[in-house]
Each structure stands twice: as C-alpha cells, then as structure tokens.
Amino acid sequence: MTSILEQPLDLPCGARLPNRLCKAAMTEQLAGPLNRADERHVKLYETWAGSGCGLLLTGNVLVDRMHLESPGNVAIVGDQPPEHIAALKAWSAAAKSQGAAVWMQISHAGRQTPIIVNKTPVSASDIQLALPGNQFGKPRPMTGQEIQETIAGFAYVAKVAKATGFDGVQVHGAHGYLISQFLSPRSNIRNDEYGGSLENRARFLLETVDAVRAAVGPDFGVGVKLNSADFQQGGFSFEDCIQVVEWLNEKSIDLLEISGGNYEQPALLGIEGMQAREEQAVRASTKAREAYFVDYAAMVRERAKMPVMATGGFRSKVAMEETVSSGMADMVGLGAPLCGDPLGPARLLSGESERLENHARKMRLGPGFFGPNSGIGMIKMVNALGQMAWNYLAIEAMAEGREPPKGKGLLSSFMKHQARQQKQAKALER
C-alpha cells in the first residue's frame with residue numbers, strides 16, 4: 001500500500017516535489033577560510049540525495065561574512081569567482097542526483113554570530129543574548145542603510161542560487177537569527193519604521209521576501225522558515241505568528257516551514273532553556289504528539305494560502321502520515337535523525353522500518369543532575385551543545401566518506417567541535 005508520504009506536492013510556483021518528506025536545514029560547517037562550498041558539500045549531499053526525502057534544504061548560507069552562524073558556513077557576498085560558482089553547481093547537482101529537489105537556505109546570524117567571528121555584530125537593537133559562557137558579543141543596532149544592504153544581500157544570494165542549479169531558496173526568519181531578531185519585541189526595541197508595532201517588526205521579513213521574489217522570478221521556489229513562537233516571556237508569540245502568516249499570504253511564497261525557539265530557548269531541539277518556557281495559546285491536542293510544533297502548524301495551515309511544513313521531533317512513520325493525511329501540514333521536515341542514519345527516510349517509505357532514531361538526543365553529560373534538565377545553566381547548555389556537536393561531527397564524517405561516530409561521547413564531541421570552531425575562526429580570510 002502506497003503511503004501518503006509518497007504523494008507529490010505541487011507548489012504555487014509550478015514546481016512539483018516528489019514526496020512529502022524534507023531534509024530540514026542543518027548547518028554543515030564545512031566551508032574553508034573563504035566560506036566557500038567545496039567537494040565535502042558534494043560528498044555530503046550525494047549521501048543525502050538517497051535519503052528518500054523529496055526536498056533537501058541546505059544549512060545556512062550567509063549573506064554577510066561578518067555575520068556567520070559558524071566560521072565554517074558557506075557565504076555568498078559580491079561577485080563570486082568561477083571556482084566557487086562551479087562548486088555551487090556541483091553541490092546542487094549532487095543533491096539532485098537521485099531525483100530530489102534542493103533549496104538553499106539563506107540567512108544572516110545577527111547577534112547570534114559567535115564572538116570568535118565578530119565581537120560586535122549587528123542586530124535589530126543592542127540587546128545581548130542572555131547566555132552564559134561569553135560566546136556572543138553585545139550587538140549594535142543596524143542602520144537603515146545596513147538594513148537595505150542586507151535585504152539586497154538576501155536577494156543577491158537567491159539570484160546566485162538560481163544561477164547555480166538550486167531549485168529554490170528558503171528565507172530563514174526563525175530560530176533567533178537576524179530576521180527573527182527583528183520580529184521579537186524582546187530583541188527589537190527600535191523606534192523607527194522597523195520597530196515598535198508587529199507591522200513594523202515584520203517589515204524586514206516582508207521586504208526581504210519581496211526582494212528575493214523579484215530577483216528570481218515567478219517560477220522559482222521561495223520559502224520562509226518562521227517561528228510558531230519564541231516561547232519566551234515578551235517574545236514573538238503564536239498570535240504574532242498567525243498575523244505574519246496573514247501578511248505572507250499576500251506575498252508569493254511556495255512553502256512555509258513552522259518551527260520555534262532560539263538559542264536562549266531551544267525549543268527546536270526539544271530542550272528547555274535557561275528561563276521558564278512561555279506557553280502559547282495553541283489549541284490543545286486530543287492526544288500527545290511526538291512532533292514539537294505540529295499543532296501550531298495545523299492552526300497555521302488553516303490560515304495559510306501556501307503549503308505548510310512542520311519540522312521538529314518527528315520519528316515515527318505513523319505520526320508523519322497522520323500529520324499529512326489529517327491536514328495538519330502538507331510536508332514533514334526531518335533533521336537530526338539524518339545525521340545518524342542518512343538513509344532512514346528511504347527505509348520508512350519502503351516499509352523496511354517504521355521509526356527514525358536520533359542518536360544525539362540520547363546522549364547525556366551524566367545521569368540526573370548532569371543531564372539536560374539540570375538546574376545548573378552551564379550543565380544544561382553543555383548537554384544541549386554537546387548533542388548538537390555530535391550531529392556536526394556526524395555531518396563532517398559523512399562529508400569525508402566516513403560513518404557517523406556513534407562511539408563518541410557527549411563531552412568529547414563538545415570539546416572537539418569547540419576546537420574545530422576555534423581553528424576555523426582563526427583561519428578565516430577576510
């Protein structure tokens with residue numbers, strides 16, 4: 001019997017995605033000192049091309065080399081040399097080699113730029129991340145000219161993505177990155193046309209979407225990743241999300257991905273942040289759901305004019321099928337499980353298995369007090385970052401033709417990733 005997950009999805013731009021599964025964006029952190037794609041991106045996406053997912057989203061591709069999410073990000077700024085254009089073409093071709101579509105995720109890290117990359121990043125306002133460890137510097141507010149230059153940067157990267165064989169782009173407006181910083185009243189206390197009311201705070205996102213669409217034309221995929229909420233007191237709320245969706249309905253959007261959280265409140269990882277989670281006015285489920293944001297996605301889909309994707313926490317085939325068949329979302333995004341088992345979704349679709357596993361999610365610094373729910377903020381953060389670090393190391397292993405390092409522990413993964421980031425930052429050529 002054919003699964004509903006195998007049904008194609010037609011997008012407003014005229015493109016057809018071969019099924020309802022998407023490899024969600026996960027930062028690759030594989031670029032060299034000039035932040036360019038290379039043969040490791042090709043190898044990695046040759047592997048994920050066989051994942052069974054009909055759409056592959058890249059990790060962050062940055063529009064500003066001074067505002068990277070990681071020193072190992074790919075960035076596209078200004079005229080690109082022929083060798084980088086060739087590398088981008090090879091990357092997209094590898095991703096599409098087994099029939100999937102590939103979209104480039106476009107981002108600007110804003111205040112979530114690590115201090116080893118930039119000690120004084122820009123943001124909507126001068127509100128610093130409330131995290132221990134001195135990992136992020138105090139930002140300064142963007143000028144109006146910088147906002148316009150950044151919007152133009154998103155459009156330029158989208159244009160390069162189209163020219164190098166990608167099938168679409170996703171504007172990253174979630175997870176506390178720059179656009180999300182403008183959306184949140186916690187991090188945006190501006191008093192100009194980009195601050196204050198939600199209409200003003202959403203202006204950066206909406207103008208970026210317009211610029212991207214103008215750059216790529218009507219027949220190219222354009223998506224947006226949007227938080228259902230930040231889950232922080234006084235932050236971007238689900239009520240805000242619904243209103244932003246209404247405004248996005250008037251734009252030319254092909255796929256809206258619903259996620260949530262940020263570095264301070266990492267709901268996207270299913271982990272509690274330093275402060276108490278701010279619950280949202282979402283309709284109560286009739287049963288507990290394994291996916292973190294599916295109930296939010298379901299309510300968004302009732303208002304959205306474009307297809308909606310829910311990402312975060314999906315593990316079982318039955319939950320994915322229920323999400324699509326019941327109309328809660330049109331597409332399911334899968335992330336961390338593809339680090340430990342890059343072909344897992346293909347096995348789900350073939351009937352070989354019924355569930356994906358997230359290897360990193362099981363990892364702990366130690367039992368009880370030393371686990372992810374520790375009352376000590378630093379211990380809690382190391383658990384979260386250690387799980388993420390293992391995923392990064394697994395991605396690196398696959399990009400080099402090795403198996404994911406399932407024997408590696410949480411603390412050693414955390415330390416190795418920290419050392420790699422420091423090395424990459426020192427090697428950056430500006």
# chains A, B, ... in the order shown; residues from 1 in each chain; ligands from 1
>>> closest_atom_pairs(of="segment 154-191 of chain A", to="segment 129-142 of chain A", cutoff="12 Å", atoms="only C-alpha atoms", output="tab-separated table")
residue	atom	partner	partner_atom	distance
A:Gly176	CA	A:Leu129	CA	9.8
A:Tyr177	CA	A:Leu129	CA	11.4
A:Leu178	CA	A:Met142	CA	10.4
A:Ile179	CA	A:Met142	CA	11.9
A:Gln181	CA	A:Leu129	CA	10.6
A:Phe182	CA	A:Met142	CA	10.3
A:Arg186	CA	A:Leu129	CA	10.3
A:Ser187	CA	A:Leu129	CA	8.8
A:Asn188	CA	A:Pro141	CA	9.0
A:Ile189	CA	A:Pro141	CA	9.5
A:Arg190	CA	A:Pro141	CA	8.2
A:Asn191	CA	A:Pro141	CA	11.2
>>> write_last_selection(atoms="N, CA and C atoms", output="PDB file, in the first residue's frame")
ATOM      1  N   GLY A 176      15.861  32.714  16.052  1.00  0.00           N
ATOM      2  CA  GLY A 176      16.649  33.774  16.661  1.00  0.00           C
ATOM      3  C   GLY A 176      17.682  34.409  15.769  1.00  0.00           C
ATOM      4  N   TYR A 177      17.715  34.074  14.484  1.00  0.00           N
ATOM      5  CA  TYR A 177      18.636  34.741  13.563  1.00  0.00           C
ATOM      6  C   TYR A 177      18.096  36.135  13.235  1.00  0.00           C
ATOM      7  N   LEU A 178      18.773  36.868  12.376  1.00  0.00           N
ATOM      8  CA  LEU A 178      18.531  38.306  12.268  1.00  0.00           C
ATOM      9  C   LEU A 178      17.068  38.672  12.024  1.00  0.00           C
ATOM     10  N   ILE A 179      16.430  38.024  11.057  1.00  0.00           N
ATOM     11  CA  ILE A 179      15.035  38.381  10.773  1.00  0.00           C
ATOM     12  C   ILE A 179      14.169  38.098  11.997  1.00  0.00           C
ATOM     13  N   GLN A 181      15.201  38.232  15.023  1.00  0.00           N
ATOM     14  CA  GLN A 181      15.530  39.275  15.999  1.00  0.00           C
ATOM     15  C   GLN A 181      14.687  40.526  15.764  1.00  0.00           C
ATOM     16  N   PHE A 182      14.417  40.839  14.505  1.00  0.00           N
ATOM     17  CA  PHE A 182      13.536  41.967  14.204  1.00  0.00           C
ATOM     18  C   PHE A 182      12.093  41.667  14.591  1.00  0.00           C
ATOM     19  N   ARG A 186      11.400  41.358  22.260  1.00  0.00           N
ATOM     20  CA  ARG A 186      12.471  41.252  23.256  1.00  0.00           C
ATOM     21  C   ARG A 186      13.798  41.749  22.703  1.00  0.00           C
ATOM     22  N   SER A 187      14.035  41.490  21.426  1.00  0.00           N
ATOM     23  CA  SER A 187      15.324  41.864  20.828  1.00  0.00           C
ATOM     24  C   SER A 187      15.211  43.064  19.903  1.00  0.00           C
ATOM     25  N   ASN A 188      14.001  43.542  19.653  1.00  0.00           N
ATOM     26  CA  ASN A 188      13.781  44.703  18.791  1.00  0.00           C
ATOM     27  C   ASN A 188      13.070  45.784  19.591  1.00  0.00           C
ATOM     28  N   ILE A 189      13.838  46.802  20.003  1.00  0.00           N
ATOM     29  CA  ILE A 189      13.240  47.939  20.727  1.00  0.00           C
ATOM     30  C   ILE A 189      13.459  49.225  19.934  1.00  0.00           C
ATOM     31  N   ARG A 190      13.524  49.079  18.608  1.00  0.00           N
ATOM     32  CA  ARG A 190      13.724  50.236  17.728  1.00  0.00           C
ATOM     33  C   ARG A 190      12.507  51.156  17.784  1.00  0.00           C
ATOM     34  N   ASN A 191      12.728  52.408  17.402  1.00  0.00           N
ATOM     35  CA  ASN A 191      11.613  53.357  17.333  1.00  0.00           C
ATOM     36  C   ASN A 191      11.465  53.947  15.938  1.00  0.00           C
TER      37      ASN A 191
END
>>> residues_around(residues="segment 93-106 of chain A", least_positions_apart="5", cutoff="6 Å", atoms="only C-alpha atoms", output="VMD selection string")
chain A and resid 42 45 to 46 49 54 to 62 166 to 172
>>> select_by_dssp(residues="segment 66-200 of chain A", states="strand (DSSP E)", output="ChimeraX atom specification")
/A:74-75,101-107,122-123,140-141,168-173
>>> atom_distance(atom1="atom CA of Asp295 of chain A", atom2="atom CA of Pro18 of chain A")
24.7 Å
>>> closest_residue(among="A:Lys251, A:Arg111, A:His417, A:Arg303", to="Gln29 of chain A", atoms="only C-alpha atoms")
A:His417
>>> closest_residue(among="A:Ala397, A:Thr164, A:Arg430, A:Ile242", to="Lys43 of chain A", atoms="only C-alpha atoms")
A:Ala397
>>> closest_residue(among="A:His359, A:Val224, A:Lys423, A:Gly386", to="Gly407 of chain A", atoms="only C-alpha atoms")
A:His359
>>> residues_around(residues="segment 3-16 of chain A", least_positions_apart="3", cutoff="8 Å", atoms="only C-alpha atoms", output="PyMOL selection string")
chain A and resi 19-21+218-221+253-255+306-307+320-321+324-325+330+349
>>> decode(residues="segment 99-112 of chain A", atoms="N, CA, C and O atoms", output="mmCIF file, in the first residue's frame")
data_model
loop_
_atom_site.group_PDB
_atom_site.id
_atom_site.type_symbol
_atom_site.label_atom_id
_atom_site.label_comp_id
_atom_site.auth_asym_id
_atom_site.auth_seq_id
_atom_site.Cartn_x
_atom_site.Cartn_y
_atom_site.Cartn_z
ATOM 1 N N GLY A 99 16.887 12.485 -7.803
ATOM 2 C CA GLY A 99 15.508 12.900 -8.051
ATOM 3 C C GLY A 99 14.910 13.893 -7.084
ATOM 4 O O GLY A 99 13.794 14.374 -7.308
ATOM 5 N N ALA A 100 15.605 14.224 -6.010
ATOM 6 C CA ALA A 100 15.087 15.220 -5.067
ATOM 7 C C ALA A 100 15.293 16.628 -5.605
ATOM 8 O O ALA A 100 16.141 16.862 -6.461
ATOM 9 N N ALA A 101 14.506 17.558 -5.087
ATOM 10 C CA ALA A 101 14.754 18.976 -5.326
ATOM 11 C C ALA A 101 15.657 19.490 -4.213
ATOM 12 O O ALA A 101 15.688 18.927 -3.110
ATOM 13 N N VAL A 102 16.407 20.567 -4.475
ATOM 14 C CA VAL A 102 17.264 21.151 -3.443
ATOM 15 C C VAL A 102 17.058 22.657 -3.386
ATOM 16 O O VAL A 102 17.043 23.335 -4.420
ATOM 17 N N TRP A 103 16.848 23.150 -2.176
ATOM 18 C CA TRP A 103 16.696 24.582 -1.935
ATOM 19 C C TRP A 103 17.822 25.058 -1.030
ATOM 20 O O TRP A 103 18.248 24.344 -0.135
ATOM 21 N N MET A 104 18.295 26.255 -1.287
ATOM 22 C CA MET A 104 19.329 26.873 -0.462
ATOM 23 C C MET A 104 18.675 27.712 0.633
ATOM 24 O O MET A 104 17.858 28.588 0.343
ATOM 25 N N GLN A 105 19.039 27.451 1.880
ATOM 26 C CA GLN A 105 18.558 28.289 2.975
ATOM 27 C C GLN A 105 19.460 29.516 3.098
ATOM 28 O O GLN A 105 20.681 29.399 3.180
ATOM 29 N N ILE A 106 18.856 30.695 3.119
ATOM 30 C CA ILE A 106 19.604 31.955 3.148
ATOM 31 C C ILE A 106 19.395 32.617 4.505
ATOM 32 O O ILE A 106 18.262 32.746 4.983
ATOM 33 N N SER A 107 20.491 33.092 5.112
ATOM 34 C CA SER A 107 20.394 33.566 6.488
ATOM 35 C C SER A 107 21.403 34.671 6.782
ATOM 36 O O SER A 107 22.363 34.884 6.043
ATOM 37 N N HIS A 108 21.169 35.347 7.892
ATOM 38 C CA HIS A 108 22.083 36.322 8.490
ATOM 39 C C HIS A 108 21.975 36.093 9.989
ATOM 40 O O HIS A 108 20.881 36.095 10.543
ATOM 41 N N ALA A 109 23.103 35.873 10.668
ATOM 42 C CA ALA A 109 23.048 35.461 12.067
ATOM 43 C C ALA A 109 22.769 36.602 13.033
ATOM 44 O O ALA A 109 22.311 36.366 14.158
ATOM 45 N N GLY A 110 23.046 37.840 12.635
ATOM 46 C CA GLY A 110 22.803 38.938 13.570
ATOM 47 C C GLY A 110 23.542 38.728 14.877
ATOM 48 O O GLY A 110 24.723 38.380 14.894
ATOM 49 N N ARG A 111 22.849 38.922 16.009
ATOM 50 C CA ARG A 111 23.500 38.818 17.321
ATOM 51 C C ARG A 111 23.880 37.382 17.673
ATOM 52 O O ARG A 111 24.615 37.164 18.646
ATOM 53 N N GLN A 112 23.409 36.405 16.915
ATOM 54 C CA GLN A 112 23.801 35.017 17.144
ATOM 55 C C GLN A 112 25.079 34.651 16.386
ATOM 56 O O GLN A 112 25.392 33.487 16.204
#
